[in-house]
Each structure stands twice: as C-alpha cells, then as structure tokens.
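Novice: Following this message is one structure expressed as structure tokens.
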Amino acid sequence: MTRCCPTRSHSLSLLRRAIQVGALLLCLSVSPSLAQIIEPLGRIGTENLGARSAIGLSDFGISIANVGDLDGDGITDVAALSLHQGQGALWVLFLNADGTVRDRLRLAHDTDARLPKAFGWTVAALGDLTGDGTLEVAVTGTMTNVFDDRQRLQHLWLFSLGPGGALADVQRVVLPNALRTQPHRVYSLAAAGDLDGDGRSELALGVTSEVTNDHYSLLFFLDEDAQVTMHHAYRPGDAVLAPLGDLDGFGEAVAGIGDVDGDGIPDLAVGAVAASGTHQQQGAVAVLFMHRAPGAALH
C-alpha cells in the first residue's frame, strides 16, 4: 500500500544538547568465548542452497539488523542484506543458541514479485508500526551511481514480516521533497525509539547530499500507515552541534541508544568518521540528547 502524505518539518529542534565522545575506543574486560561465521551458501543439515550464480549473491552482510524472535523459539533472529548487480535480497537467519543457523529465508524480487528489484545497502528493524502484529523492516531502495558505485537513496521501503519471517506486505515510503528532488546517498538507518509518544519508533537516517556534499542525520516520524508525517534534519552547523567543532562525515552511522540521561526520552548516537581532533580525520561519535516531539503525550 502506498499513500501520499504531506510532511512537515518543525523549526523547533528536538535536539536538546550533544556531546562528542571523540575517537571511540571500547576496552572489553572479557573476550568472546565463541564466534560463529555465517555463510549464506552453507549447509543446513544436508540441504545446500545452491551455487552463488544461481541466486545472484554478493556483499552478503552489507547491513544487518536484530529482528527479534520471529519463529517463537526463544532465540533472537537476524536479518542480513546482500546485493548483486544492483538487485537486493533480505535474508532472515533463524539461529540456534550456539549462533549457528538453524534455518534461513531469502526474500527477493525473484521469490516474491511484490518486492522491488533494487533495494539493499542498509536495513533497520522498527517493531510493529502498523499495529497488526507484523514486524516492519526499513530497507533503502537504491540506484547505483555508475561513476563511483555508491548507493543513491531512490526509495525507502518497509517490508512487513509475519510469523516465521513470511512477507506479509510491502510499502513504499513517500520521501520528503528535499530527498526526492536532489540525489542523496544514504549510509545508515536505525530505529530511533519513540520520540512523540505514539507507541511507534521513529526512523533515523544518515545521508549525504550529492549536490552540496553536506553530511547530516534525519529523523522520520511515521504514522500508522508507515508514512512520513514529520521530519527533522540535524547538521554539524546547527547551534547545538556547533560547539562540538569539526564533525566531518557526520551521519555516516546512526544508532538508537535508548534513554542515556534518564529523562524518559530516547537518545541518538551519530558517527562523524572524518572529524578531526588530536589527529586529522581521527573520527568521532556525537551523542544527541533529544527533546520530546511537539504535541507528544508525556508518560
């Protein structure tokens, strides 16, 4: 189902304050006791999924997402994207407790004509946006830039997954005018959490304009039909972000990180991969502490 919805962008920013984490270094006190490598063409029992050429597979794992327990066995499952010659596939991987793959499901245009041919690059699981018990997964629709093989944002799709990962519905999200009239590259998607109190997660995007080369982060507010009703853009030059200084590459990675400061409002982390600090282009992570969206119910 596709429906055109007017979107609005508020002049009141939802961004309350931000801090720069700097070059991010995580020191782990323990090492993993076991690691599993998941290969899409591996065997499940005695079943071989076939040759690489038969399913058009490359770049498996270019983006992954936690999709929760889709098959009801008490173990978290994983969605992974693959791309081959501009055509995408979404793999739902049903895991065993030891991290091996018990079963898998491949969703692509050649398995279900409702799916677009050109999708991939990045994926995010948003929970049940439509209230019908399905899981909505956001996936970028892409158009390859023949000059440098980067991916342009052409469409944004929501795939609704039912029990067992079965495809229940496919919806195209109508993008705001600025994204439709100018080519943008999209680097990342993430579930941002519920900022307006409607019970649905917002969608965070990290994008770059191919016209101005501006890097920034976007927040999309989605309604019950999974269409954008309001959006906000966050740029390094904004008043709240300006004190952080150089944030080159801002938006190439985004993540919803929950309520960091305990004010009941979910916060965001945004990567700035080319930010300079002690060293040139060492990279940084900005933590964005958010306001509640205008008109939202406070709980």
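Each chain in the structure tokens gets a letter, A, B and so on, in the order shown; residues start at 1 in every chain, and ligands are counted from 1 in the order they appear.
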If you count only C-alpha atoms, which residues fall within 9 Å of segment 156-158 of chain A, apart from same-chain ones fewer than 5 positions away, as a list of chain:residue names?
Specialist: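 Counting only C-alpha atoms, the residues come to A:Pro116, A:Phe119, A:Glu136, A:Val137, A:Ala138, A:Val139, A:Thr140, A:Gly141, A:Thr142, A:Asp169, A:Val170, A:Gln171, A:Arg172, A:Val173, A:Val174, A:Leu175, A:Ala226.
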Novice: Excluding Pro266 of chain A and its own-chain neighbours fewer than 6 positions away, which residues fall within 12 Å of it when counting only C-alpha atoms? Please give them as a ChimeraX atom specification.
Specialist: /A:14-16,191-197,201-202,204,255-260,287-293
Novice: Which residue is closest to Gly164 of chain A? Choose from A:Glu252, A:Gly61, A:Ala242, A:Val92 and count only C-alpha atoms.
Specialist: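 Among A:Glu252, A:Gly61, A:Ala242, A:Val92, it is A:Val92 that comes nearest to Gly164 of chain A.
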Novice: Please compute the atom CA of Phe221 of chain A-atom CA of His155 of chain A distance, one decimal, in Å.
Specialist: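 So the two atoms, atom CA of Phe221 of chain A and atom CA of His155 of chain A, lie 16.3 Å apart.
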Novice: Between A:Phe159, A:Ala108, A:Leu126, A:Val285, which has the minimum distance to Phe220 of chain A (counting only C-alpha atoms)?
Specialist: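 The closest residue to Phe220 of chain A is A:Leu126.
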Novice: Using Å and a single decimal, report how far atom CA of Ala253 of chain A sits from atom CA of Ser188 of chain A.
Specialist: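 Taking atom CA of Ser188 of chain A as the start and atom CA of Ala253 of chain A as the end point, the length is 5.4 Å.
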Novice: Nearest to Asp77 of chain A: which of A:Leu205, A:Val186, A:Leu115, A:Leu93 is it, counting only C-alpha atoms?
Specialist: A:Leu93
Novice: Taking only C-alpha atoms into account, which of A:Asp223, A:Leu241, A:Arg235, A:Val207 comes nearest Val254 of chain A?
Specialist: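 Of all the options, A:Val207 lies closest to Val254 of chain A.
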Novice: Nearest to Glu224 of chain A: which of A:Val101, A:Leu129, A:Ala286, A:Ala239 is it, counting only C-alpha atoms?
Specialist: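 Distance minimum relative to Glu224 of chain A lands on A:Leu129.
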Novice: Assign secondary structure with DSSP using the backbone only, and return the residues of segment 53-291 of chain A in alpha helix (DSSP H) as a list in words.
Specialist: Ser53, Ala54, Ile55, Asn177, Ala178, Leu179, Arg180 and Thr181 of chain A
Novice: For the residues selected in the previous step, produce a file with C-alpha atoms as a PDB file, in the first residue's frame.
Specialist:
ATOM      1  CA  SER A  53      25.450 -17.628  -9.598  1.00  0.00           C
ATOM      2  CA  ALA A  54      22.092 -19.348  -9.127  1.00  0.00           C
ATOM      3  CA  ILE A  55      20.899 -16.887  -6.504  1.00  0.00           C
ATOM      4  CA  ASN A 177      10.603  16.733  -1.216  1.00  0.00           C
ATOM      5  CA  ALA A 178      14.251  17.556  -0.485  1.00  0.00           C
ATOM      6  CA  LEU A 179      15.211  13.901  -0.786  1.00  0.00           C
ATOM      7  CA  ARG A 180      13.128  13.347  -3.896  1.00  0.00           C
ATOM      8  CA  THR A 181      14.311  16.387  -5.852  1.00  0.00           C
TER       9      THR A 181
END
Novice: By how many Å are atom CA of Ser160 of chain A and atom CA of Ser63 of chain A apart?
Specialist: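 Atom CA of Ser63 of chain A lies 17.7 Å from atom CA of Ser160 of chain A.
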